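Okay, work-v3.tsv is below, TSV, C-alpha atoms:
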```
chain	number	residue	atom	x	y	z
M	338	MET	CA	1.98	15.66	52.76
M	339	THR	CA	2.08	14.81	49.09
M	340	ALA	CA	4.06	16.35	46.28
M	341	LEU	CA	1.06	18.65	45.83
M	342	GLY	CA	1.39	19.96	49.39
M	343	LEU	CA	-1.86	18.37	50.56
M	344	SER	CA	-2.56	15.27	52.61
M	345	TYR	CA	-3.97	12.18	50.93
M	346	ASP	CA	-7.17	12.71	52.91
M	347	ALA	CA	-7.42	16.23	51.50
M	348	LEU	CA	-6.81	15.01	47.93
M	349	SER	CA	-9.39	12.27	48.37
M	350	SER	CA	-11.86	14.80	49.75
M	351	ILE	CA	-11.25	17.22	46.86
M	352	ALA	CA	-11.81	14.44	44.32
M	353	SER	CA	-14.92	13.22	46.16
M	354	ASN	CA	-16.37	16.73	46.30
M	355	LEU	CA	-15.72	17.25	42.60
M	356	ALA	CA	-17.54	14.02	41.83
M	357	ILE	CA	-20.46	14.95	44.07
M	358	VAL	CA	-20.80	18.30	42.28
M	359	GLY	CA	-20.99	16.39	39.00
M	360	TRP	CA	-23.60	13.96	40.33
M	361	ILE	CA	-25.77	16.73	41.77
M	362	ALA	CA	-25.52	18.59	38.47
M	363	ILE	CA	-26.66	15.66	36.32
M	364	VAL	CA	-29.49	14.83	38.71
M	365	LEU	CA	-30.81	18.40	38.94
M	366	LEU	CA	-29.96	19.76	35.47
M	367	PRO	CA	-30.10	16.78	33.08
M	368	LYS	CA	-31.26	18.86	30.10
M	369	SER	CA	-28.38	21.33	30.29
M	370	ASP	CA	-25.71	20.49	27.72
M	371	LEU	CA	-23.28	22.76	29.56
M	372	VAL	CA	-23.80	20.83	32.78
M	373	VAL	CA	-23.97	17.27	31.43
M	374	LYS	CA	-21.72	17.30	28.37
M	375	VAL	CA	-19.13	19.85	29.47
M	376	ILE	CA	-18.93	20.12	33.26
M	377	ALA	CA	-19.92	16.63	34.44
M	378	ARG	CA	-18.59	14.62	31.50
M	379	LEU	CA	-15.43	16.57	30.58
M	380	VAL	CA	-14.29	19.16	33.11
M	381	ILE	CA	-14.75	17.24	36.35
M	382	PRO	CA	-13.45	13.86	35.08
M	383	GLY	CA	-10.65	15.77	33.34
M	384	LEU	CA	-9.58	17.41	36.60
M	385	MET	CA	-9.81	14.05	38.34
M	386	ALA	CA	-7.74	12.45	35.56
M	387	LEU	CA	-5.10	15.14	35.96
M	388	LEU	CA	-4.89	14.47	39.70
M	389	TYR	CA	-4.78	10.73	38.91
M	390	VAL	CA	-1.82	11.19	36.55
M	391	VAL	CA	0.05	13.41	39.00
M	392	LEU	CA	-0.41	10.88	41.81
M	393	LEU	CA	0.61	7.97	39.58
M	394	ALA	CA	3.72	9.83	38.46
M	395	THR	CA	4.54	10.79	42.04
M	396	HIS	CA	4.24	7.18	43.22
M	397	ARG	CA	5.62	5.29	40.23
M	398	GLY	CA	8.50	3.95	42.32
M	399	ASP	CA	6.48	3.32	45.48
M	400	VAL	CA	4.74	0.07	44.50
M	401	PRO	CA	5.79	-2.50	47.12
M	402	GLN	CA	7.66	-5.63	46.02
M	403	GLY	CA	5.00	-8.05	44.74
M	404	GLY	CA	2.39	-5.31	44.42
M	405	GLY	CA	0.34	-5.03	41.25
M	406	LEU	CA	-3.07	-5.63	39.78
M	407	GLY	CA	-2.80	-9.29	38.77
M	408	SER	CA	-4.21	-10.94	41.90
M	409	ILE	CA	-5.93	-10.09	45.17
M	410	ASP	CA	-2.64	-10.37	47.06
M	411	GLU	CA	-0.88	-8.07	44.56
M	412	MET	CA	-3.74	-5.55	44.75
M	413	GLN	CA	-3.64	-5.49	48.55
M	414	LEU	CA	0.04	-4.63	48.41
M	415	PHE	CA	-0.44	-2.08	45.63
M	416	PHE	CA	-3.22	-0.25	47.47
M	417	SER	CA	-1.34	-0.36	50.80
M	418	VAL	CA	0.42	2.81	49.59
M	419	ASP	CA	-1.80	5.77	50.52
M	420	GLY	CA	-1.17	7.67	47.30
M	421	LEU	CA	-2.05	4.62	45.22
M	422	MET	CA	-5.20	4.06	47.27
M	423	VAL	CA	-6.26	7.61	46.39
M	424	VAL	CA	-5.48	6.84	42.74
M	425	GLY	CA	-7.83	3.83	42.95
M	426	TRP	CA	-10.54	5.93	44.59
M	427	ILE	CA	-10.26	8.63	41.92
M	428	HIS	CA	-10.44	5.94	39.25
M	429	PHE	CA	-13.76	4.65	40.60
M	430	MET	CA	-15.27	8.09	41.09
M	431	ALA	CA	-14.30	9.39	37.65
M	432	TRP	CA	-15.58	6.32	35.78
M	433	ASP	CA	-18.81	6.15	37.76
M	434	LEU	CA	-19.53	9.82	37.04
M	435	PHE	CA	-18.69	9.29	33.38
M	436	ALA	CA	-21.11	6.33	33.32
M	437	GLY	CA	-23.76	8.48	34.99
M	438	THR	CA	-23.44	11.21	32.37
M	439	TRP	CA	-23.72	8.56	29.65
M	440	GLU	CA	-26.89	7.21	31.28
M	441	VAL	CA	-28.43	10.70	31.33
M	442	GLU	CA	-27.55	11.42	27.70
M	443	ASP	CA	-28.56	7.97	26.49
M	444	SER	CA	-31.88	8.12	28.33
M	445	GLN	CA	-32.69	11.39	26.59
M	446	LYS	CA	-31.89	9.85	23.19
M	447	HIS	CA	-34.25	6.98	23.98
M	448	GLY	CA	-37.05	9.12	25.43
M	449	ILE	CA	-36.78	7.73	28.95
M	450	ALA	CA	-38.11	10.07	31.63
M	451	HIS	CA	-35.42	11.44	33.93
M	452	LEU	CA	-37.40	10.41	37.02
M	453	ALA	CA	-37.21	6.80	35.81
M	454	VAL	CA	-33.43	7.09	35.45
M	455	LEU	CA	-32.83	8.44	38.98
M	456	PRO	CA	-32.73	4.98	40.66
M	457	ALA	CA	-30.13	3.85	38.12
M	458	LEU	CA	-28.10	7.00	38.75
M	459	ALA	CA	-28.26	6.44	42.51
M	460	ALA	CA	-27.12	2.84	42.03
M	461	THR	CA	-24.31	3.93	39.68
M	462	PHE	CA	-23.17	6.51	42.23
M	463	MET	CA	-23.10	3.93	45.03
M	464	LEU	CA	-22.38	0.65	43.24
M	465	GLY	CA	-20.96	1.54	39.82
M	466	PRO	CA	-21.56	-1.47	37.56
M	467	VAL	CA	-24.78	-2.42	39.37
M	468	GLY	CA	-26.22	0.97	38.46
M	469	LEU	CA	-25.13	0.59	34.88
M	470	LEU	CA	-26.88	-2.77	34.77
M	471	VAL	CA	-30.02	-1.21	36.28
M	472	TYR	CA	-29.93	1.48	33.61
M	473	LEU	CA	-29.40	-1.01	30.77
M	474	LEU	CA	-32.36	-3.07	32.02
M	475	LEU	CA	-34.46	0.11	32.22
M	476	ARG	CA	-33.46	1.06	28.68
M	477	GLU	CA	-34.30	-2.38	27.30
M	478	THR	CA	-37.63	-2.46	29.15
M	479	SER	CA	-38.45	0.98	27.80
M	480	ARG	CA	-37.54	-0.14	24.27
M	481	LEU	CA	-39.77	-3.22	24.53
M	482	ILE	CA	-42.70	-1.14	25.84
M	483	ARG	CA	-42.35	1.38	22.99
M	484	ARG	CA	-42.12	-1.45	20.48
M	485	ARG	CA	-45.22	-3.16	21.88
M	486	LYS	CA	-47.14	0.15	21.74
M	487	ARG	CA	-46.19	0.58	18.04
M	488	ILE	CA	-47.28	-2.98	17.21
M	489	THR	CA	-50.64	-2.68	18.97
M	490	ALA	CA	-51.35	0.83	17.65
```
What would the structure in this file look like if it were written as structure tokens?
Amino acid sequence: MTALGLSYDALSSIASNLAIVGWIAIVLLPKSDLVVKVIARLVIPGLMALLYVVLLATHRGDVPQGGGLGSIDEMQLFFSVDGLMVVGWIHFMAWDLFAGTWEVEDSQKHGIAHLAVLPALAATFMLGPVGLLVYLLLRETSRLIRRRKRITA
């Protein structure tokens, strides 16, 4: 049990389910400002950030001797503490969802069809930075195509 009265598995599951709700929302309702800008970009990552802070505060003295974020060996020790592993998981999920909401909003600003963005969103959900790279390549390709159409028109 944690200081919150739940197991680390339960906290991880709650955070994962929150993230999944956000991802489903931006995939199915990309034009809804309430869904994208408020729920998926602010509310869900905000709740995850709150849980993140609580877990960090709860485990501030639990980092093993030599544990930290400066090397692979230090990270292995740092994340050997269950509560800190959940912190790391929440970190990834919150940032990936935030990146996904940015991709949706940015694609709308650049006139990129949502269907074209879905593979990038799937990659961002599963592989974080790879999905962001996929989206950035899609955006640049789209920009070049629009530019070429203007030149030839």
Neighbour residues at most 10 Å from (-26.4, 16.6, 33.8) (all atoms listed in the file) as a PyMOL selection string: chain M and resi 359-378+437-442
From M:Leu343, M:Met385, M:Val418, M:Leu434, residue lying nearest Ile357 of chain M [all atoms listed in the file]: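 The answer is M:Leu434, which sits nearest to Ile357 of chain M.
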Separation of atom CA of Phe435 of chain M from atom CA of Val400 of chain M in Å: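 That distance, rounded to one decimal, is 27.5 Å.
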Counting only C-alpha atoms, the residue of M:Leu406, M:Leu341, M:Ile427, M:Leu414 that sits nearest Val391 of chain M: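 So, comparing all the options, the nearest one is M:Leu341.
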Contacts of Leu421 of chain M at 8 Å (only C-alpha atoms; same-chain gap of 3+ positions) as a PyMOL selection string: chain M and resi 392-393+396+415-418+424-425
Can you write just those residues out, C-alpha atoms, as a PDB file, keeping the file's coordinate frame?
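Written output follows (selection_29.pdb):
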```pdb
ATOM      1  CA  LEU M 392      -0.410  10.880  41.810  1.00  0.00           C
ATOM      2  CA  LEU M 393       0.610   7.970  39.580  1.00  0.00           C
ATOM      3  CA  HIS M 396       4.240   7.180  43.220  1.00  0.00           C
ATOM      4  CA  PHE M 415      -0.440  -2.080  45.630  1.00  0.00           C
ATOM      5  CA  PHE M 416      -3.220  -0.250  47.470  1.00  0.00           C
ATOM      6  CA  SER M 417      -1.340  -0.360  50.800  1.00  0.00           C
ATOM      7  CA  VAL M 418       0.420   2.810  49.590  1.00  0.00           C
ATOM      8  CA  VAL M 424      -5.480   6.840  42.740  1.00  0.00           C
ATOM      9  CA  GLY M 425      -7.830   3.830  42.950  1.00  0.00           C
TER      10      GLY M 425
END
```
Expected answer as a list in words: all residues with atoms within 9 Å of (-8.2, 13.0, 47.7), all atoms listed in the file: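 So the residues meeting the distance criterion are Leu343, Ser344, Tyr345, Asp346, Ala347, Leu348, Ser349, Ser350, Ile351, Ala352, Ser353, Leu388, Gly420, Val423, Val424, Trp426 and Ile427 of chain M.
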Å distance separating atom CA of Ala457 of chain M from atom CA of Val471 of chain M, one decimal place: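 Separation of atom CA of Ala457 of chain M and atom CA of Val471 of chain M: 5.4 Å.
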Coordinates-based distance that separates atom CA of Asp433 of chain M from atom CA of Gly468 of chain M (Å, one decimal):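 Going from atom CA of Gly468 of chain M over to atom CA of Asp433 of chain M covers 9.1 Å.
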Given all atoms listed in the file as the counted atoms, nearest of M:Ala450, M:Met430, M:Leu355, M:Arg480 to Leu464 of chain M: M:Met430
All residues 8 Å or closer to Gly465 of chain M, only C-alpha atoms, same chain fewer than 4 positions away omitted, as a list in words: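 Here the qualifying residues turn out to be Phe429, Asp433, Ala460, Thr461 and Leu469 of chain M.
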Can I get the selected residues back with C-alpha atoms, as a compact mmCIF listing (two decimals), keeping the file's coordinate frame?
```txt
# COMPACT_ATOMS: atom_id res chain seq x y z
CA PHE M 429 -13.76 4.65 40.60
CA ASP M 433 -18.81 6.15 37.76
CA ALA M 460 -27.12 2.84 42.03
CA THR M 461 -24.31 3.93 39.68
CA LEU M 469 -25.13 0.59 34.88
```
Selected residue of minimal separation from Phe462 of chain M among M:Met412, M:Gly383, M:Trp432, M:Pro401, counting only C-alpha atoms: M:Trp432
Just need the box for segment 393-402 of chain M, edges along x, y and z, holding every atom the file lists for it with 3 Å tacked onto each side, so centre and edge lengths in Å to one decimal, as lines of an AutoDock Vina configuration file.
```
center_x = 4.6
center_y = 2.6
center_z = 42.8
size_x = 13.9
size_y = 22.4
size_z = 14.7
```
Counting all atoms listed in the file, the residue of M:Ile482, M:Ile409, M:Val358, M:Val390 that sits nearest Gly448 of chain M: M:Ile482
Best match for closeness to Thr478 of chain M among M:Ala453, M:Leu387, M:Ala431, M:Leu379, counting only C-alpha atoms: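 Nearest to Thr478 of chain M: M:Ala453.
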Complete the atom set of segment 379-395 of chain M to N, CA and C atoms and return it as an mmCIF file, keeping the file's coordinate frame.
```cif
data_model
loop_
_atom_site.group_PDB
_atom_site.id
_atom_site.type_symbol
_atom_site.label_atom_id
_atom_site.label_comp_id
_atom_site.auth_asym_id
_atom_site.auth_seq_id
_atom_site.Cartn_x
_atom_site.Cartn_y
_atom_site.Cartn_z
ATOM 1 N N LEU M 379 -16.786 16.218 31.001
ATOM 2 C CA LEU M 379 -15.430 16.570 30.580
ATOM 3 C C LEU M 379 -14.601 17.252 31.658
ATOM 4 N N VAL M 380 -15.096 18.361 32.191
ATOM 5 C CA VAL M 380 -14.290 19.160 33.110
ATOM 6 C C VAL M 380 -13.970 18.407 34.396
ATOM 7 N N ILE M 381 -14.994 17.903 35.069
ATOM 8 C CA ILE M 381 -14.750 17.240 36.350
ATOM 9 C C ILE M 381 -13.928 15.957 36.173
ATOM 10 N N PRO M 382 -14.326 15.038 35.268
ATOM 11 C CA PRO M 382 -13.450 13.860 35.080
ATOM 12 C C PRO M 382 -12.056 14.245 34.574
ATOM 13 N N GLY M 383 -11.961 15.315 33.800
ATOM 14 C CA GLY M 383 -10.650 15.770 33.340
ATOM 15 C C GLY M 383 -9.765 16.225 34.489
ATOM 16 N N LEU M 384 -10.337 16.983 35.413
ATOM 17 C CA LEU M 384 -9.580 17.410 36.600
ATOM 18 C C LEU M 384 -9.181 16.202 37.444
ATOM 19 N N MET M 385 -10.106 15.257 37.574
ATOM 20 C CA MET M 385 -9.810 14.050 38.340
ATOM 21 C C MET M 385 -8.713 13.231 37.635
ATOM 22 N N ALA M 386 -8.765 13.176 36.315
ATOM 23 C CA ALA M 386 -7.740 12.450 35.560
ATOM 24 C C ALA M 386 -6.377 13.110 35.729
ATOM 25 N N LEU M 387 -6.352 14.426 35.747
ATOM 26 C CA LEU M 387 -5.100 15.140 35.960
ATOM 27 C C LEU M 387 -4.513 14.807 37.332
ATOM 28 N N LEU M 388 -5.347 14.836 38.354
ATOM 29 C CA LEU M 388 -4.890 14.470 39.700
ATOM 30 C C LEU M 388 -4.419 13.016 39.716
ATOM 31 N N TYR M 389 -5.129 12.149 39.036
ATOM 32 C CA TYR M 389 -4.780 10.730 38.910
ATOM 33 C C TYR M 389 -3.378 10.568 38.318
ATOM 34 N N VAL M 390 -3.122 11.281 37.214
ATOM 35 C CA VAL M 390 -1.820 11.190 36.550
ATOM 36 C C VAL M 390 -0.717 11.715 37.446
ATOM 37 N N VAL M 391 -0.960 12.834 38.108
ATOM 38 C CA VAL M 391 0.050 13.410 39.000
ATOM 39 C C VAL M 391 0.376 12.429 40.128
ATOM 40 N N LEU M 392 -0.653 11.836 40.720
ATOM 41 C CA LEU M 392 -0.410 10.880 41.810
ATOM 42 C C LEU M 392 0.312 9.634 41.310
ATOM 43 N N LEU M 393 -0.083 9.133 40.140
ATOM 44 C CA LEU M 393 0.610 7.970 39.580
ATOM 45 C C LEU M 393 2.083 8.285 39.331
ATOM 46 N N ALA M 394 2.337 9.440 38.740
ATOM 47 C CA ALA M 394 3.720 9.830 38.460
ATOM 48 C C ALA M 394 4.521 10.001 39.750
ATOM 49 N N THR M 395 3.883 10.566 40.753
ATOM 50 C CA THR M 395 4.540 10.790 42.040
ATOM 51 C C THR M 395 4.890 9.466 42.723
#
```
